[in-house]
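Heads up, the thing below is written out as C-alpha cells.
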Amino acid sequence: MLQGRHRTNGKPVSRRLDCVKNSDSYDHPHLWYSTTEAVRALELFIAGGDELSGSSTYSYDLVDLTRQVLAKYANELFLKVIESYRLKDRHGVAHQSQMFLDLVEDMDTLLACHEGFLLGPWLESAKQLAQDEEQQIQFEWNARTQITMWYDNTEVEASLLRDYGNKYWSGLLKDYYGPRAAIYFNFLARSLENGHGFQLKDWRREWIKLTNNWQKSRKIFPVESNGNALNISRWLYYKYLGNPDTYDH
C-alpha cells in the first residue's frame, strides 16, 4: 500500500486519484499489473488444464483469468478506436470497433461456460422472491437496475452510479454492453462521416434509452452453463493473445 501512494503538496494521494485528476475528456482504462505477466499466467493455467479440467474450481478460475486478460485487451482496443478517431481515420474506427464488438461476443461465450458467470440465476433469484406477478416485474427490474444504471438519470444525463454494480456475466455482455458499445462507436463513425463534432447529448440519449428499455425487459436468460471452459479459453487465447504484438506490454 505504501508503494502505491505518493505525496502532493505534503499530503498523501493515491495514484488512482491522481490518474483521475489528470485524465482526458474520456475515462482511461487502467489496471495495476503487467499485461505480459497476466498473459503468461493464463498460458500456464491453460497448460494445466488437461489434468485439472474436471474440477469446477479450476474451471471457474480459468474463466475468470481468461476474462480478466481479455478485458485488458479490450481496453487496448478501445484506446485504438479513440486514437483512430482523433486521426480522423474512418477505416481504423470501423475496423477496431468491430474487433471490440466481436471480442464482447466471444467473452460472453466464455462466461457461459460456468454457472458462476451467468446473468440468468441473478434475475431468476430475484423473481423467486415475489409473491405475485406485479412484484415479480418489480423485483426483476430492481435486479436489472442494480447491475446497470441506478434510477436517477434524465434523458440526457446518466446516473453517477452507472455501472456501480456492473458484472462480467454471460447474457449481460451480449445483450447490454455490446449494444451499448455499438451505439458509442456508431456515433464516432457518424461524426467522422458528417464532419461535425461528437454529438454528446444525442449519444447519451440513445444509450440511456437502451438502458431503460433493457431494465424493463422480461427476456429470460440461461441458468445453466454451456460449453467447455478449457477448449474455449484455449481457443480465445490463440485467437487474441497468441501473437505478443497484439497487446501492450
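Ordering of the C-alpha cells sets the chain letters (A, B, ...), residue numbers begin anew at 1 in every chain, and ligands are numbered from 1 in the order given.
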Report task. Might you pull out every residue within 9 Å of Trp214 of chain A, with only C-alpha atoms counted and same-chain residues fewer than 2 positions away left off, and present them as a VMD selection string? Result -> chain A and resid 144 to 145 175 to 176 209 to 212 216 to 219
Query raised in the report: Could you name the residues that touch Met107 of chain A at 8 Å or less, counting only C-alpha atoms, but leaving out those on the same chain fewer than 5 positions away, as a PyMOL selection string?
Result: chain A and resi 67+70+170+173
**Report entry** Among the residues A:Ser56, A:His196, A:Tyr237, A:Gly178, the one that comes closest to Gly116 of chain A [using only C-alpha atoms]
**Finding:**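 Once distances to Gly116 of chain A are computed over only C-alpha atoms, the minimum belongs to A:Ser56.
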Contacts of Ala71 of chain A within 12 Å, only C-alpha atoms, excl. fewer than 4 positions in-chain, as a PDB file with N, CA, C and O atoms, in the first residue's frame:
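So the final result, stored in selection25.pdb, reads:
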ATOM      1  N   PRO A  29      -8.978   3.500 -19.357  1.00  0.00           N
ATOM      2  CA  PRO A  29      -8.920   2.226 -18.650  1.00  0.00           C
ATOM      3  C   PRO A  29      -7.535   2.040 -18.056  1.00  0.00           C
ATOM      4  O   PRO A  29      -6.530   2.378 -18.677  1.00  0.00           O
ATOM      5  N   HIS A  30      -7.458   1.534 -16.851  1.00  0.00           N
ATOM      6  CA  HIS A  30      -6.166   1.383 -16.193  1.00  0.00           C
ATOM      7  C   HIS A  30      -6.196   0.185 -15.255  1.00  0.00           C
ATOM      8  O   HIS A  30      -7.149   0.016 -14.508  1.00  0.00           O
ATOM      9  N   LEU A  31      -5.151  -0.643 -15.322  1.00  0.00           N
ATOM     10  CA  LEU A  31      -5.025  -1.793 -14.434  1.00  0.00           C
ATOM     11  C   LEU A  31      -3.616  -1.789 -13.860  1.00  0.00           C
ATOM     12  O   LEU A  31      -2.650  -1.479 -14.553  1.00  0.00           O
ATOM     13  N   THR A  35       0.459  -6.536 -18.400  1.00  0.00           N
ATOM     14  CA  THR A  35      -0.305  -7.382 -19.313  1.00  0.00           C
ATOM     15  C   THR A  35       0.484  -8.637 -19.662  1.00  0.00           C
ATOM     16  O   THR A  35      -0.064  -9.737 -19.713  1.00  0.00           O
ATOM     17  N   ALA A  38       0.210 -11.198 -16.958  1.00  0.00           N
ATOM     18  CA  ALA A  38      -1.127 -11.786 -16.890  1.00  0.00           C
ATOM     19  C   ALA A  38      -1.327 -12.800 -18.020  1.00  0.00           C
ATOM     20  O   ALA A  38      -1.897 -13.871 -17.819  1.00  0.00           O
ATOM     21  N   VAL A  39      -0.844 -12.463 -19.223  1.00  0.00           N
ATOM     22  CA  VAL A  39      -0.956 -13.379 -20.356  1.00  0.00           C
ATOM     23  C   VAL A  39      -0.139 -14.640 -20.099  1.00  0.00           C
ATOM     24  O   VAL A  39      -0.581 -15.761 -20.392  1.00  0.00           O
ATOM     25  N   VAL A  63     -11.993 -19.453 -16.352  1.00  0.00           N
ATOM     26  CA  VAL A  63     -12.880 -18.481 -16.988  1.00  0.00           C
ATOM     27  C   VAL A  63     -12.586 -17.079 -16.475  1.00  0.00           C
ATOM     28  O   VAL A  63     -12.506 -16.110 -17.247  1.00  0.00           O
ATOM     29  N   ASP A  64     -12.384 -16.955 -15.172  1.00  0.00           N
ATOM     30  CA  ASP A  64     -12.157 -15.641 -14.574  1.00  0.00           C
ATOM     31  C   ASP A  64     -10.840 -15.032 -15.047  1.00  0.00           C
ATOM     32  O   ASP A  64     -10.765 -13.838 -15.353  1.00  0.00           O
ATOM     33  N   LEU A  65      -9.786 -15.829 -15.099  1.00  0.00           N
ATOM     34  CA  LEU A  65      -8.487 -15.322 -15.535  1.00  0.00           C
ATOM     35  C   LEU A  65      -8.518 -14.967 -17.025  1.00  0.00           C
ATOM     36  O   LEU A  65      -7.977 -13.931 -17.432  1.00  0.00           O
ATOM     37  N   THR A  66      -9.139 -15.813 -17.827  1.00  0.00           N
ATOM     38  CA  THR A  66      -9.252 -15.515 -19.256  1.00  0.00           C
ATOM     39  C   THR A  66     -10.038 -14.235 -19.464  1.00  0.00           C
ATOM     40  O   THR A  66      -9.678 -13.372 -20.282  1.00  0.00           O
ATOM     41  N   ARG A  67     -11.128 -14.107 -18.734  1.00  0.00           N
ATOM     42  CA  ARG A  67     -11.938 -12.889 -18.791  1.00  0.00           C
ATOM     43  C   ARG A  67     -11.111 -11.655 -18.441  1.00  0.00           C
ATOM     44  O   ARG A  67     -11.184 -10.622 -19.101  1.00  0.00           O
ATOM     45  N   ASN A  75      -9.551  -3.103 -23.369  1.00  0.00           N
ATOM     46  CA  ASN A  75      -9.152  -1.732 -23.051  1.00  0.00           C
ATOM     47  C   ASN A  75      -8.250  -1.157 -24.138  1.00  0.00           C
ATOM     48  O   ASN A  75      -8.394  -0.005 -24.557  1.00  0.00           O
ATOM     49  N   GLU A  76      -7.307  -1.974 -24.584  1.00  0.00           N
ATOM     50  CA  GLU A  76      -6.361  -1.501 -25.587  1.00  0.00           C
ATOM     51  C   GLU A  76      -7.037  -1.303 -26.939  1.00  0.00           C
ATOM     52  O   GLU A  76      -6.714  -0.369 -27.680  1.00  0.00           O
ATOM     53  N   LEU A  77      -7.998  -2.170 -27.272  1.00  0.00           N
ATOM     54  CA  LEU A  77      -8.765  -1.973 -28.497  1.00  0.00           C
ATOM     55  C   LEU A  77      -9.532  -0.656 -28.438  1.00  0.00           C
ATOM     56  O   LEU A  77      -9.595   0.086 -29.423  1.00  0.00           O
ATOM     57  N   PHE A  78     -10.121  -0.381 -27.265  1.00  0.00           N
ATOM     58  CA  PHE A  78     -10.866   0.866 -27.098  1.00  0.00           C
ATOM     59  C   PHE A  78      -9.968   2.079 -27.341  1.00  0.00           C
ATOM     60  O   PHE A  78     -10.349   3.029 -28.029  1.00  0.00           O
ATOM     61  N   PHE A 100     -13.669  -4.916 -31.341  1.00  0.00           N
ATOM     62  CA  PHE A 100     -14.122  -4.782 -29.953  1.00  0.00           C
ATOM     63  C   PHE A 100     -15.456  -5.509 -29.768  1.00  0.00           C
ATOM     64  O   PHE A 100     -15.637  -6.268 -28.807  1.00  0.00           O
ATOM     65  N   LEU A 103     -15.089  -9.205 -29.827  1.00  0.00           N
ATOM     66  CA  LEU A 103     -14.493  -9.664 -28.574  1.00  0.00           C
ATOM     67  C   LEU A 103     -15.541  -9.754 -27.465  1.00  0.00           C
ATOM     68  O   LEU A 103     -15.536 -10.695 -26.668  1.00  0.00           O
ATOM     69  N   VAL A 104     -16.452  -8.795 -27.405  1.00  0.00           N
ATOM     70  CA  VAL A 104     -17.520  -8.835 -26.409  1.00  0.00           C
ATOM     71  C   VAL A 104     -18.346 -10.115 -26.566  1.00  0.00           C
ATOM     72  O   VAL A 104     -18.660 -10.800 -25.590  1.00  0.00           O
ATOM     73  N   ASP A 106     -17.372 -12.932 -27.961  1.00  0.00           N
ATOM     74  CA  ASP A 106     -16.538 -14.073 -27.595  1.00  0.00           C
ATOM     75  C   ASP A 106     -16.418 -14.208 -26.077  1.00  0.00           C
ATOM     76  O   ASP A 106     -16.425 -15.318 -25.536  1.00  0.00           O
ATOM     77  N   MET A 107     -16.302 -13.083 -25.386  1.00  0.00           N
ATOM     78  CA  MET A 107     -16.229 -13.126 -23.927  1.00  0.00           C
ATOM     79  C   MET A 107     -17.534 -13.636 -23.333  1.00  0.00           C
ATOM     80  O   MET A 107     -17.535 -14.353 -22.325  1.00  0.00           O
ATOM     81  N   ASP A 108     -18.645 -13.287 -23.949  1.00  0.00           N
ATOM     82  CA  ASP A 108     -19.934 -13.792 -23.486  1.00  0.00           C
ATOM     83  C   ASP A 108     -19.985 -15.309 -23.617  1.00  0.00           C
ATOM     84  O   ASP A 108     -20.483 -16.015 -22.722  1.00  0.00           O
ATOM     85  N   TYR A 168     -19.290  -8.993 -15.022  1.00  0.00           N
ATOM     86  CA  TYR A 168     -18.930  -9.736 -16.228  1.00  0.00           C
ATOM     87  C   TYR A 168     -19.738 -11.025 -16.203  1.00  0.00           C
ATOM     88  O   TYR A 168     -19.286 -12.050 -15.696  1.00  0.00           O
ATOM     89  N   LEU A 173     -23.189  -9.152 -21.152  1.00  0.00           N
ATOM     90  CA  LEU A 173     -22.267  -8.608 -22.150  1.00  0.00           C
ATOM     91  C   LEU A 173     -22.915  -8.566 -23.527  1.00  0.00           C
ATOM     92  O   LEU A 173     -22.912  -7.529 -24.193  1.00  0.00           O
ATOM     93  N   TYR A 240      -6.675 -14.237 -29.734  1.00  0.00           N
ATOM     94  CA  TYR A 240      -6.404 -12.846 -29.372  1.00  0.00           C
ATOM     95  C   TYR A 240      -5.010 -12.592 -28.797  1.00  0.00           C
ATOM     96  O   TYR A 240      -4.519 -11.469 -28.874  1.00  0.00           O
ATOM     97  N   LEU A 241      -4.392 -13.617 -28.211  1.00  0.00           N
ATOM     98  CA  LEU A 241      -3.174 -13.370 -27.434  1.00  0.00           C
ATOM     99  C   LEU A 241      -1.975 -14.174 -27.905  1.00  0.00           C
ATOM    100  O   LEU A 241      -0.886 -14.029 -27.345  1.00  0.00           O
ATOM    101  N   TYR A 247      -0.894  -7.096 -28.092  1.00  0.00           N
ATOM    102  CA  TYR A 247      -1.232  -6.436 -26.839  1.00  0.00           C
ATOM    103  C   TYR A 247      -0.064  -5.627 -26.318  1.00  0.00           C
ATOM    104  O   TYR A 247       1.094  -5.863 -26.679  1.00  0.00           O
TER     105      TYR A 247
END
Report task. Within 8 Å of Arg234 of chain A, counting only C-alpha atoms, which residues show up once you throw out same-chain ones fewer than 4 positions away? Write them as a PyMOL selection string, please. Result -> chain A and resi 46+230+238
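The shortest atom-to-atom distance to Asn186 of chain A, with only C-alpha atoms taken into account, belongs to A:Gln98 out of A:Ser53, A:Gln98, A:Ser125, A:Gln68.
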Report summary line: With distances taken over only C-alpha atoms, the candidate from A:Tyr60, A:Tyr85, A:Tyr73, A:Tyr33 nearest Glu193 of chain A is A:Tyr85
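Across A:Ala126, A:Ala189, A:Leu111, A:Ile232, the tightest approach to Gln96 of chain A is made by A:Ala189 when counting only C-alpha atoms.
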Query - Contacts of Ala47 of chain A within 12 Å, only C-alpha atoms, excl. fewer than 3 positions in-chain, as an MDAnalysis selection string - result: chainID A and resid 40:44 50:53 62 230:231 233:234 237
Query raised in the report: Any idea what's packed within 12 Å of Arg190 of chain A, counting only C-alpha atoms, ignoring anything in its chain fewer than 5 positions away? Could you give it as JSON, numbers by chain?
Result: {"A": [85, 88, 90, 93, 94, 183, 184, 185, 195, 196, 197, 198, 199, 202, 203]}
